[in-house]
file work06.cif (mmCIF, C-alpha atoms)
data_protein
loop_
_atom_site.label_atom_id
_atom_site.label_comp_id
_atom_site.auth_asym_id
_atom_site.auth_seq_id
_atom_site.Cartn_x
_atom_site.Cartn_y
_atom_site.Cartn_z
CA ASP A 1 0.00 0.00 0.00
CA ALA A 2 2.79 2.42 0.90
CA LEU A 3 4.62 1.73 -2.35
CA ARG A 4 1.46 2.30 -4.37
CA GLU A 5 0.85 5.53 -2.46
CA ALA A 6 4.41 6.68 -3.21
CA GLU A 7 4.04 5.85 -6.91
CA ALA A 8 0.81 7.85 -7.09
CA LEU A 9 2.48 10.76 -5.34
CA GLU A 10 5.11 11.04 -8.08
CA SER A 11 2.48 12.11 -10.59
CA ARG A 12 1.27 15.10 -8.55
CA ALA A 13 1.87 18.43 -10.27
CA ASP A 14 2.55 20.13 -6.93
CA LEU A 15 5.12 17.58 -5.77
CA GLY A 16 7.83 20.19 -5.26
CA GLU A 17 5.59 22.24 -3.00
CA LEU A 18 4.74 19.42 -0.57
CA PRO A 19 6.65 19.77 2.72
CA LEU A 20 6.64 16.01 3.44
CA ALA A 21 6.76 14.63 -0.12
CA GLY A 22 7.65 10.94 0.07
CA VAL A 23 8.57 11.02 3.76
CA PRO A 24 7.65 7.79 5.60
CA VAL A 25 5.61 8.38 8.75
CA ALA A 26 4.26 6.09 11.47
CA ILE A 27 0.94 6.74 13.20
CA LYS A 28 0.28 5.95 16.85
CA ASP A 29 -2.50 3.39 17.09
CA VAL A 30 -5.05 5.85 18.44
CA LEU A 31 -6.03 7.47 15.13
CA ALA A 32 -8.10 6.10 12.28
CA VAL A 33 -5.96 5.13 9.29
CA ARG A 34 -7.95 3.98 6.30
CA GLY A 35 -7.73 0.20 5.81
CA THR A 36 -6.33 -0.62 9.28
CA PRO A 37 -7.99 -1.26 12.65
CA THR A 38 -7.52 1.08 15.60
CA ARG A 39 -6.85 -1.17 18.58
CA VAL A 40 -5.52 1.38 21.14
CA GLY A 41 -3.36 -1.40 22.55
CA SER A 42 -6.33 -3.55 23.60
CA VAL A 43 -7.75 -6.89 22.52
CA ALA A 44 -11.09 -5.53 23.79
CA THR A 45 -11.35 -3.11 20.85
CA SER A 46 -12.73 -3.88 17.40
CA ASP A 47 -10.50 -5.41 14.74
CA ALA A 48 -12.55 -3.81 11.96
CA ALA A 49 -10.55 -1.69 9.52
CA ALA A 50 -11.25 2.04 9.48
CA ASP A 51 -12.97 3.32 6.34
CA HIS A 52 -11.41 6.79 6.56
CA ASP A 53 -8.38 8.75 7.74
CA HIS A 54 -8.41 10.92 10.85
CA GLU A 55 -7.95 14.61 10.02
CA ILE A 56 -4.30 14.51 11.21
CA VAL A 57 -3.57 11.55 8.93
CA ARG A 58 -5.38 13.31 6.10
CA ARG A 59 -3.21 16.40 6.58
CA LEU A 60 0.00 14.36 6.67
CA ARG A 61 -0.94 12.52 3.48
CA GLY A 62 -2.00 15.81 1.90
CA ALA A 63 1.51 17.13 2.58
CA GLY A 64 3.00 14.13 0.78
CA ALA A 65 3.83 11.85 3.73
CA ILE A 66 3.54 8.10 3.22
CA VAL A 67 1.95 6.20 6.09
CA VAL A 68 3.96 3.00 6.47
CA GLY A 69 2.38 1.60 9.63
CA LYS A 70 0.86 2.06 13.06
CA THR A 71 2.77 1.93 16.31
CA ARG A 72 2.12 0.20 19.62
CA VAL A 73 0.66 1.72 22.75
CA PRO A 74 -0.21 0.34 26.20
CA GLU A 75 -3.88 -0.52 26.64
CA LEU A 76 -6.00 2.65 26.32
CA CYS A 77 -2.74 4.65 26.53
CA ILE A 78 -2.81 4.40 30.32
CA TRP A 79 0.84 3.79 31.18
CA ALA A 80 4.20 5.55 30.79
CA TRP A 81 5.65 2.41 29.20
CA THR A 82 4.44 0.41 26.22
CA ASP A 83 3.52 -3.25 26.56
CA SER A 84 0.36 -5.25 26.07
CA ALA A 85 -0.83 -8.59 24.75
CA TYR A 86 0.58 -7.42 21.41
CA GLY A 87 4.16 -7.32 22.74
CA VAL A 88 6.76 -5.28 24.61
CA THR A 89 8.23 -2.12 23.07
CA ARG A 90 11.86 -1.46 23.99
CA SER A 91 14.17 1.53 23.76
CA PRO A 92 16.66 1.12 20.90
CA TRP A 93 19.23 2.61 23.31
CA ALA A 94 18.86 -0.31 25.73
CA LEU A 95 16.62 -3.25 24.95
CA THR A 96 16.21 -3.98 28.65
CA ARG A 97 14.44 -0.62 29.19
CA THR A 98 11.07 0.66 28.03
CA ALA A 99 10.74 3.05 25.12
CA GLY A 100 8.32 4.98 27.33
CA GLY A 101 4.62 5.49 26.86
CA SER A 102 2.17 5.82 25.72
CA SER A 103 3.70 6.79 22.35
CA GLY A 104 6.45 4.22 22.90
CA GLY A 105 6.05 2.49 19.56
CA SER A 106 6.38 5.78 17.70
CA ALA A 107 9.49 6.77 19.66
CA ALA A 108 11.16 3.38 19.18
CA ALA A 109 10.45 3.49 15.44
CA VAL A 110 12.07 6.91 15.05
CA ALA A 111 15.05 6.20 17.33
CA ALA A 112 15.74 2.94 15.47
CA GLY A 113 15.69 4.70 12.09
CA MET A 114 12.55 2.93 10.84
CA VAL A 115 10.93 6.30 10.04
CA PRO A 116 12.26 9.86 10.33
CA ILE A 117 9.06 11.18 11.96
CA ALA A 118 6.11 9.72 13.82
CA HIS A 119 2.81 10.84 15.27
CA GLY A 120 2.20 10.72 18.99
CA SER A 121 -0.35 11.92 21.52
CA ASP A 122 0.22 13.25 25.01
CA GLY A 123 -2.29 13.23 27.88
CA GLY A 124 0.24 13.39 30.71
CA GLY A 125 3.63 13.18 29.02
CA SER A 126 3.02 10.53 26.39
CA ILE A 127 5.07 12.30 23.71
CA ARG A 128 7.75 13.78 25.98
CA ILE A 129 8.37 10.67 28.08
CA PRO A 130 9.04 8.37 25.08
CA ALA A 131 11.14 11.11 23.47
CA ALA A 132 13.25 11.23 26.64
CA CYS A 133 13.54 7.43 26.80
CA CYS A 134 14.68 7.23 23.17
CA GLY A 135 16.86 10.33 22.73
CA LEU A 136 14.42 12.25 20.53
CA PHE A 137 12.89 15.67 20.23
CA GLY A 138 9.15 15.56 20.89
CA ILE A 139 6.69 18.40 21.27
CA LYS A 140 3.22 18.50 22.78
CA PRO A 141 1.45 21.56 21.39
CA GLY A 142 -0.94 23.62 23.43
CA GLU A 143 -4.60 22.76 23.74
CA GLY A 144 -6.51 23.09 20.47
CA VAL A 145 -3.50 23.65 18.17
CA VAL A 146 -3.84 20.23 16.48
CA PRO A 147 -7.20 18.48 15.88
CA GLY A 148 -8.21 16.08 18.62
CA SER A 149 -10.00 12.76 18.76
CA GLU A 150 -13.05 12.09 16.63
CA THR A 151 -14.87 10.75 19.67
CA GLY A 152 -14.49 11.54 23.35
CA SER A 153 -12.99 14.52 25.10
CA ASP A 154 -9.24 13.91 24.72
CA TRP A 155 -9.03 13.08 28.43
CA PHE A 156 -11.18 16.11 29.27
CA GLY A 157 -8.78 18.56 27.68
CA LEU A 158 -5.48 17.00 28.80
CA SER A 159 -4.45 15.23 25.60
CA ALA A 160 -2.86 16.76 22.50
CA HIS A 161 -1.36 15.31 19.31
CA GLY A 162 2.13 16.11 18.08
CA PRO A 163 5.32 14.78 16.46
CA LEU A 164 8.42 12.86 17.50
CA ALA A 165 11.56 13.35 15.39
CA THR A 166 15.33 13.22 15.46
CA THR A 167 15.74 16.94 14.72
CA VAL A 168 13.87 20.09 15.70
CA ASP A 169 13.36 21.11 12.07
CA ASP A 170 11.78 17.75 11.21
CA ALA A 171 9.44 18.07 14.18
CA ALA A 172 8.60 21.69 13.28
CA THR A 173 7.70 20.73 9.71
CA THR A 174 5.52 17.87 10.93
CA LEU A 175 3.80 20.01 13.55
CA ALA A 176 3.15 22.72 10.96
CA VAL A 177 1.37 20.14 8.80
CA MET A 178 -0.58 18.64 11.71
CA ALA A 179 -1.69 22.09 12.86
CA ASN A 180 -2.18 23.47 9.33
CA ARG A 181 0.02 26.43 10.30
CA ARG A 182 2.63 27.47 7.79
CA ASP A 183 4.13 29.97 10.26
CA LEU A 184 5.66 27.04 12.18
CA LEU A 185 7.71 26.15 9.08
CA VAL A 186 9.65 29.42 9.38
CA PRO A 187 12.21 29.47 12.23
CA MET A 188 11.40 32.20 14.73
CA ALA A 189 14.15 34.71 15.47
CA VAL A 190 15.09 34.53 19.14
CA GLU A 191 15.80 37.93 20.62
CA ALA A 192 18.07 37.52 23.64
CA PRO A 193 17.82 37.76 26.46
CA LEU A 194 14.86 35.52 27.07
CA ARG A 195 13.78 35.15 30.69
CA VAL A 196 14.48 31.49 31.47
CA ALA A 197 13.38 29.80 34.68
CA VAL A 198 15.17 26.62 35.71
CA SER A 199 13.62 24.20 38.19
CA THR A 200 14.42 20.65 39.28
CA ARG A 201 11.77 20.50 42.00
CA VAL A 202 9.54 17.44 41.63
CA PRO A 203 5.92 18.63 41.18
CA PHE A 204 4.25 15.85 43.18
CA GLY A 205 5.35 14.60 46.58
CA LYS A 206 8.70 15.04 48.28
CA GLY A 207 10.92 13.01 45.96
CA THR A 208 13.99 14.28 44.13
CA ALA A 209 15.30 13.71 40.64
CA ASP A 210 18.33 11.55 39.85
CA SER A 211 21.51 13.62 40.04
CA GLU A 212 22.38 13.02 36.39
CA TYR A 213 18.98 14.34 35.24
CA VAL A 214 19.53 17.39 37.46
CA ALA A 215 23.00 17.84 35.97
CA ALA A 216 21.48 17.80 32.47
CA VAL A 217 19.31 20.75 33.45
CA THR A 218 22.35 22.56 34.88
CA ARG A 219 24.29 22.06 31.64
CA THR A 220 21.32 23.26 29.61
CA ALA A 221 21.11 26.37 31.80
CA GLU A 222 24.79 27.03 31.17
CA VAL A 223 24.29 26.74 27.40
CA LEU A 224 21.33 29.13 27.50
CA THR A 225 23.35 31.58 29.60
CA SER A 226 26.19 31.42 27.06
CA LEU A 227 23.64 32.30 24.36
CA GLY A 228 22.83 35.52 26.21
CA HIS A 229 19.63 34.54 27.99
CA ASP A 230 18.72 35.61 31.53
CA VAL A 231 18.65 32.28 33.40
CA ARG A 232 17.39 32.02 36.98
CA GLU A 233 16.41 29.25 39.37
CA VAL A 234 12.67 29.65 39.95
CA ASP A 235 10.16 26.92 40.85
CA PRO A 236 6.68 26.89 39.29
CA PRO A 237 3.82 27.37 41.76
CA TYR A 238 3.11 23.67 42.25
CA ASP A 239 0.53 23.00 44.95
CA ARG A 240 -0.73 19.92 46.76
CA ASN A 241 -4.05 19.96 44.90
CA LEU A 242 -2.41 19.70 41.48
CA SER A 243 -1.92 15.93 41.63
CA MET A 244 -5.58 15.41 42.49
CA THR A 245 -6.71 17.69 39.66
CA ALA A 246 -4.44 15.97 37.14
CA GLY A 247 -5.28 12.48 38.36
CA ALA A 248 -9.04 12.97 38.37
CA ARG A 249 -9.12 14.26 34.77
CA ALA A 250 -6.75 11.59 33.48
CA ILE A 251 -8.56 8.70 35.18
CA ALA A 252 -11.95 10.00 34.04
CA GLY A 253 -10.54 10.27 30.51
CA ILE A 254 -9.32 6.67 30.66
CA ALA A 255 -12.76 5.54 31.78
CA GLU A 256 -14.36 7.45 28.92
CA ALA A 257 -12.01 5.73 26.47
CA GLY A 258 -13.18 2.41 27.87
CA ASP A 259 -16.89 3.12 27.39
CA GLY A 260 -18.57 0.22 25.61
CA LEU A 261 -15.60 -2.15 25.81
CA PRO A 262 -16.14 -5.63 27.35
CA ARG A 263 -14.53 -5.47 30.79
CA ARG A 264 -13.62 -9.16 30.79
CA LYS A 265 -11.33 -8.59 27.79
CA LEU A 266 -9.46 -5.69 29.39
CA GLU A 267 -6.16 -6.23 31.18
CA PRO A 268 -6.52 -6.70 34.95
CA ARG A 269 -4.32 -3.64 35.57
CA SER A 270 -6.70 -1.45 33.51
CA ARG A 271 -9.98 -2.39 35.17
CA PRO A 272 -9.47 -0.47 38.45
CA TYR A 273 -8.80 2.72 36.51
CA LEU A 274 -12.10 2.33 34.70
CA ARG A 275 -13.98 1.69 37.96
CA ILE A 276 -12.40 4.74 39.63
CA GLY A 277 -12.90 6.90 36.55
CA ASN A 278 -16.56 5.99 36.26
CA PHE A 279 -17.02 6.79 39.96
CA ILE A 280 -15.46 10.22 39.34
CA ARG A 281 -17.72 10.85 36.36
CA ARG A 282 -20.93 9.65 38.02
CA GLY A 283 -20.20 11.37 41.31
CA GLY A 284 -19.63 14.79 39.81
CA TRP A 285 -16.03 14.88 41.00
CA LEU A 286 -14.72 16.03 37.62
CA ARG A 287 -14.68 19.75 38.31
CA ASP A 288 -12.97 22.59 36.51
CA GLU A 289 -12.07 24.68 39.56
CA GLY A 290 -8.75 22.94 40.19
CA ARG A 291 -7.68 23.27 36.59
CA ARG A 292 -8.65 26.95 36.50
CA ARG A 293 -6.64 27.64 39.67
CA TRP A 294 -3.56 25.99 38.18
CA GLN A 295 -3.98 27.86 34.89
CA GLN A 296 -4.28 31.16 36.77
CA ALA A 297 -1.18 30.36 38.82
CA THR A 298 0.86 29.38 35.77
CA ALA A 299 -0.30 32.44 33.84
CA ALA A 300 0.97 34.62 36.70
CA PHE A 301 4.26 32.66 36.78
CA PHE A 302 4.82 33.22 33.06
CA THR A 303 4.34 36.97 33.27
CA ASP A 304 7.98 37.07 34.40
CA VAL A 305 9.19 33.98 32.51
CA ASP A 306 9.42 33.20 28.79
CA ILE A 307 10.65 29.60 29.00
CA LEU A 308 10.77 27.05 31.83
CA VAL A 309 13.40 24.30 31.88
CA THR A 310 12.96 21.14 33.99
CA PRO A 311 14.11 17.53 33.74
CA THR A 312 11.85 15.42 31.54
CA LEU A 313 12.35 12.30 33.67
CA ALA A 314 13.24 11.97 37.34
CA ARG A 315 15.05 8.65 37.03
CA LEU A 316 15.84 5.86 34.60
CA PRO A 317 12.90 4.35 32.69
CA VAL A 318 11.42 1.11 33.99
CA ALA A 319 12.45 -2.27 32.66
CA ALA A 320 10.86 -3.40 29.40
CA GLU A 321 8.79 -6.32 30.61
CA ASP A 322 5.26 -7.76 30.50
CA TRP A 323 3.80 -5.22 32.89
CA TRP A 324 0.36 -5.92 31.44
CA THR A 325 0.32 -9.29 33.23
CA ARG A 326 0.98 -7.67 36.62
CA SER A 327 -1.34 -6.13 39.14
CA PHE A 328 -2.74 -2.63 39.12
CA ARG A 329 -0.84 -1.89 42.34
CA ARG A 330 2.54 -2.94 40.91
CA ASN A 331 2.00 -0.87 37.79
CA VAL A 332 1.03 2.22 39.77
CA ALA A 333 4.05 1.81 42.06
CA ALA A 334 6.35 1.82 39.02
CA ALA A 335 4.84 4.98 37.53
CA THR A 336 7.01 7.48 39.39
CA PHE A 337 9.93 7.99 37.01
CA ALA A 338 8.28 10.83 35.03
CA PRO A 339 6.57 13.35 37.34
CA PHE A 340 7.55 16.54 35.48
CA THR A 341 5.28 16.35 32.44
CA GLN A 342 1.67 16.15 33.64
CA PRO A 343 1.29 19.65 35.14
CA TRP A 344 1.57 21.19 31.67
CA ASN A 345 -1.24 19.04 30.29
CA VAL A 346 -3.43 20.43 33.06
CA ALA A 347 -2.35 23.95 32.11
CA GLY A 348 -2.87 23.22 28.40
CA TYR A 349 0.56 24.72 27.66
CA PRO A 350 2.97 23.61 24.93
CA ALA A 351 5.96 21.61 26.17
CA ALA A 352 8.84 19.76 24.54
CA ALA A 353 11.44 17.15 25.40
CA VAL A 354 14.97 17.98 24.20
CA PRO A 355 17.92 15.53 24.25
CA ALA A 356 20.59 16.64 26.74
CA GLY A 357 23.43 14.13 26.89
CA VAL A 358 23.80 10.52 27.96
CA HIS A 359 23.34 8.96 31.39
CA SER A 360 26.17 6.85 32.84
CA ALA A 361 23.85 3.85 32.34
CA GLY A 362 24.01 4.47 28.58
CA LEU A 363 20.50 5.89 28.20
CA PRO A 364 19.72 9.36 26.85
CA LEU A 365 19.16 12.33 29.14
CA SER A 366 16.48 14.91 28.39
CA VAL A 367 15.24 18.29 29.53
CA GLN A 368 11.72 19.67 29.23
CA LEU A 369 10.99 23.13 27.84
CA VAL A 370 7.64 24.75 28.66
CA ALA A 371 6.09 27.95 27.28
CA PRO A 372 2.70 29.59 27.83
CA THR A 373 -0.23 29.38 25.44
CA GLY A 374 0.84 30.21 21.89
CA GLY A 375 4.49 29.48 22.66
CA GLU A 376 5.07 26.69 20.13
CA PRO A 377 7.23 28.88 17.83
CA LEU A 378 9.35 29.99 20.80
CA LEU A 379 9.81 26.43 22.05
CA LEU A 380 10.97 25.33 18.60
CA ALA A 381 13.32 28.31 18.31
CA VAL A 382 14.97 27.71 21.71
CA ALA A 383 15.23 23.98 21.02
CA ARG A 384 16.96 24.80 17.71
CA GLN A 385 19.44 26.94 19.63
CA LEU A 386 20.18 24.06 21.99
CA GLU A 387 20.50 21.60 19.11
CA THR A 388 23.00 23.88 17.38
CA ALA A 389 25.02 24.54 20.53
CA ALA A 390 24.93 20.96 21.84
CA PRO A 391 24.05 18.56 18.99
CA TRP A 392 22.65 15.14 19.81
CA PRO A 393 22.90 11.84 17.89
CA ARG A 394 20.04 11.35 15.43
CA HIS A 395 19.57 7.67 16.26
CA ALA A 396 20.34 5.19 19.01
CA PRO A 397 23.87 3.81 18.81
CA LEU A 398 24.17 0.47 17.05
#
call {"tool": "encode", "arguments": {"input": "work06.cif", "output": "structure tokens"}}
result
Amino acid sequence: DALREAEALESRADLGELPLAGVPVAIKDVLAVRGTPTRVGSVATSDAAADHDHEIVRRLRGAGAIVVGKTRVPELCIWAWTDSAYGVTRSPWALTRTAGGSSGGSAAAVAAGMVPIAHGSDGGGSIRIPAACCGLFGIKPGEGVVPGSETGSDWFGLSAHGPLATTVDDAATTLAVMANRRDLLVPMAVEAPLRVAVSTRVPFGKGTADSEYVAAVTRTAEVLTSLGHDVREVDPPYDRNLSMTAGARAIAGIAEAGDGLPRRKLEPRSRPYLRIGNFIRRGGWLRDEGRRRWQQATAAFFTDVDILVTPTLARLPVAAEDWWTRSFRRNVAAATFAPFTQPWNVAGYPAAAVPAGVHSAGLPLSVQLVAPTGGEPLLLAVARQLETAAPWPRHAPL
């Protein structure tokens, strides 16, 4: 099918004007792709082939991209690692470690050189976490920049679609196509000094990040300082209610994604989330007040800040194993290695994962960049500066 699509593309009169002409792309298995089923990582979903393309897929194909396949996700995109009855997805940097989740299949495909770009979605870090696990650049745009799901609420406003790539320019081109915004194709001029806040404080609980992830943030701050930016250590206004706000919306979104699916076919680790999420939905516990408070607090924070830099991960990714066969409790206990991403889904702000060196364990390090609403061009511009000043390998080492 891909070869036939490529052959047909060659006859287009506007071939030279297509930004992704002939570029192979992989699609996370959450979007409809004509002729293939959308399983969302679950044997409980239908195996019927879609009869149409999702709008994002339509835009990618319209720009000349060739869809070569769909990529694995954990069941209903619940977890920060990617395994299910369909198999275990591993980081090409270390096959013993997860590629992250829930866009782990997309990240592994790009890091292994299968495709230069891939689609992902991010409801709590699901683009940025796999990007960090696999040494890639990944960007979650702000709320509403890229079309959302055809059904459901995109985890009640938390989830956004975006690209994973080996370079910032490749990601920018892909995001421009997904968002139908040609302005993202043109690199933004960065006028120094930007006001850069640096924080390594863990948003939830009293834990701390691994020293090597903290050191990656310090090195990034030094690079940004050398580029003329005003870099200061400032923590975002995290509060103790943020985890409850984020958790309630995410769990309710998971339950919504499970509507109509036969419970007996779902993985045992997924079922408690659906029970809790349905309780939240039925009990009227899904309220907007907590989200509005966090958005107001972050808006005030960003009046004095242009870009925030944090670690993307707090510690090494979990082992790549059959987590889907294990209990809900064991899975939840393992889900603490990536606490920095979810607050920005609650805010609806754009955020990106940027490669930042290599851990002593041989896995990539990563920092997260965050900007306020409308800050996608600025995120891409600052990430380009970092890529130029401190280049990273395009693919996992052989």
call {"tool": "resolve_selection", "arguments": {"input": "work06.cif", "expression": "the PyMOL selection byres ((chain A and resi 53) around 6)", "output": "list in words"}}
result
Ala32, Val33, Arg34, His52, His54, Val57 and Arg58 of chain A
call {"tool": "residues_around", "arguments": {"input": "work06.cif", "residues": "Pro141 in chain A", "least_positions_apart": "6", "cutoff": "12 Å", "atoms": "all atoms listed in the file", "output": "PDB file with C-alpha atoms, in the frame of the given file"}}
result
ATOM      1  CA  GLY A 120       2.200  10.720  18.990  1.00  0.00           C
ATOM      2  CA  SER A 121      -0.350  11.920  21.520  1.00  0.00           C
ATOM      3  CA  ASP A 122       0.220  13.250  25.010  1.00  0.00           C
ATOM      4  CA  GLY A 123      -2.290  13.230  27.880  1.00  0.00           C
ATOM      5  CA  GLY A 125       3.630  13.180  29.020  1.00  0.00           C
ATOM      6  CA  ILE A 127       5.070  12.300  23.710  1.00  0.00           C
ATOM      7  CA  ARG A 128       7.750  13.780  25.980  1.00  0.00           C
ATOM      8  CA  PRO A 147      -7.200  18.480  15.880  1.00  0.00           C
ATOM      9  CA  GLY A 148      -8.210  16.080  18.620  1.00  0.00           C
ATOM     10  CA  LEU A 158      -5.480  17.000  28.800  1.00  0.00           C
ATOM     11  CA  SER A 159      -4.450  15.230  25.600  1.00  0.00           C
ATOM     12  CA  ALA A 160      -2.860  16.760  22.500  1.00  0.00           C
ATOM     13  CA  HIS A 161      -1.360  15.310  19.310  1.00  0.00           C
ATOM     14  CA  GLY A 162       2.130  16.110  18.080  1.00  0.00           C
ATOM     15  CA  PRO A 163       5.320  14.780  16.460  1.00  0.00           C
ATOM     16  CA  LEU A 164       8.420  12.860  17.500  1.00  0.00           C
ATOM     17  CA  ALA A 171       9.440  18.070  14.180  1.00  0.00           C
ATOM     18  CA  ALA A 172       8.600  21.690  13.280  1.00  0.00           C
ATOM     19  CA  THR A 174       5.520  17.870  10.930  1.00  0.00           C
ATOM     20  CA  LEU A 175       3.800  20.010  13.550  1.00  0.00           C
ATOM     21  CA  ALA A 176       3.150  22.720  10.960  1.00  0.00           C
ATOM     22  CA  MET A 178      -0.580  18.640  11.710  1.00  0.00           C
ATOM     23  CA  ALA A 179      -1.690  22.090  12.860  1.00  0.00           C
ATOM     24  CA  LEU A 184       5.660  27.040  12.180  1.00  0.00           C
ATOM     25  CA  TRP A 344       1.570  21.190  31.670  1.00  0.00           C
ATOM     26  CA  ASN A 345      -1.240  19.040  30.290  1.00  0.00           C
ATOM     27  CA  ALA A 347      -2.350  23.950  32.110  1.00  0.00           C
ATOM     28  CA  GLY A 348      -2.870  23.220  28.400  1.00  0.00           C
ATOM     29  CA  TYR A 349       0.560  24.720  27.660  1.00  0.00           C
ATOM     30  CA  PRO A 350       2.970  23.610  24.930  1.00  0.00           C
ATOM     31  CA  ALA A 351       5.960  21.610  26.170  1.00  0.00           C
ATOM     32  CA  ALA A 352       8.840  19.760  24.540  1.00  0.00           C
ATOM     33  CA  ALA A 353      11.440  17.150  25.400  1.00  0.00           C
ATOM     34  CA  LEU A 369      10.990  23.130  27.840  1.00  0.00           C
ATOM     35  CA  VAL A 370       7.640  24.750  28.660  1.00  0.00           C
ATOM     36  CA  ALA A 371       6.090  27.950  27.280  1.00  0.00           C
ATOM     37  CA  PRO A 372       2.700  29.590  27.830  1.00  0.00           C
ATOM     38  CA  THR A 373      -0.230  29.380  25.440  1.00  0.00           C
ATOM     39  CA  GLY A 374       0.840  30.210  21.890  1.00  0.00           C
ATOM     40  CA  GLY A 375       4.490  29.480  22.660  1.00  0.00           C
ATOM     41  CA  GLU A 376       5.070  26.690  20.130  1.00  0.00           C
ATOM     42  CA  PRO A 377       7.230  28.880  17.830  1.00  0.00           C
ATOM     43  CA  LEU A 378       9.350  29.990  20.800  1.00  0.00           C
ATOM     44  CA  LEU A 379       9.810  26.430  22.050  1.00  0.00           C
ATOM     45  CA  LEU A 380      10.970  25.330  18.600  1.00  0.00           C
TER      46      LEU A 380
END
call {"tool": "resolve_selection", "arguments": {"input": "work06.cif", "expression": "the PyMOL selection byres ((chain A and resi 200) around 12)", "output": "ChimeraX atom specification"}}
result
/A:197-199,201-204,207-218,221,232-236,308-314,339-340,367-368
call {"tool": "resolve_selection", "arguments": {"input": "work06.cif", "expression": "the PyMOL selection byres ((chain A and resi 83) around 7)", "output": "PyMOL selection string"}}
result
chain A and resi 73-74+81-82+84+87-89+322-324
call {"tool": "closest_residue", "arguments": {"input": "work06.cif", "among": "A:Glu321, A:Asp306, A:Asp29, A:Asp288", "to": "Arg195 in chain A", "atoms": "all atoms listed in the file"}}
result
A:Asp306
call {"tool": "closest_residue", "arguments": {"input": "work06.cif", "among": "A:Thr388, A:Thr225, A:Thr336, A:Thr173", "to": "Val196 in chain A", "atoms": "only C-alpha atoms"}}
result
A:Thr225
call {"tool": "closest_atom_pairs", "arguments": {"input": "work06.cif", "of": "range 259-339 of chain A", "to": "range 39-48 of chain A", "cutoff": "8 Å", "atoms": "all atoms listed in the file", "output": "Markdown table"}}
result
| residue | atom | partner | partner_atom | distance |
| --- | --- | --- | --- | --- |
| A:Leu261 | CA | A:Ala44 | CA | 6.0 |
| A:Pro262 | CA | A:Ala44 | CA | 6.2 |
| A:Arg263 | CA | A:Ala44 | CA | 7.8 |
| A:Lys265 | CA | A:Ala44 | CA | 5.0 |
| A:Leu266 | CA | A:Ala44 | CA | 5.8 |
call {"tool": "write_last_selection", "arguments": {"input": "work06.cif", "atoms": "C-alpha atoms", "output": "mmCIF file, in the frame of the given file"}}
result
data_model
loop_
_atom_site.group_PDB
_atom_site.id
_atom_site.type_symbol
_atom_site.label_atom_id
_atom_site.label_comp_id
_atom_site.auth_asym_id
_atom_site.auth_seq_id
_atom_site.Cartn_x
_atom_site.Cartn_y
_atom_site.Cartn_z
ATOM 1 C CA LEU A 261 -15.600 -2.150 25.810
ATOM 2 C CA PRO A 262 -16.140 -5.630 27.350
ATOM 3 C CA ARG A 263 -14.530 -5.470 30.790
ATOM 4 C CA LYS A 265 -11.330 -8.590 27.790
ATOM 5 C CA LEU A 266 -9.460 -5.690 29.390
#
call {"tool": "atom_distance", "arguments": {"input": "work06.cif", "atom1": "CA of Asp51 in chain A", "atom2": "CA of Thr38 in chain A"}}
result
11.0 Å
call {"tool": "atom_distance", "arguments": {"input": "work06.cif", "atom1": "CA of Glu387 in chain A", "atom2": "CA of Gly228 in chain A"}}
result
15.8 Å
call {"tool": "axis_aligned_box", "arguments": {"input": "work06.cif", "around": "range 190-193 of chain A", "padding_each_side": "6 Å", "output": "AutoDock Vina command-line options"}}
result
--center_x 16.6 --center_y 36.2 --center_z 22.8 --size_x 15.0 --size_y 15.4 --size_z 19.3
call {"tool": "atom_distance", "arguments": {"input": "work06.cif", "atom1": "CA of Gly205 in chain A", "atom2": "CA of Leu242 in chain A"}}
result
10.6 Å
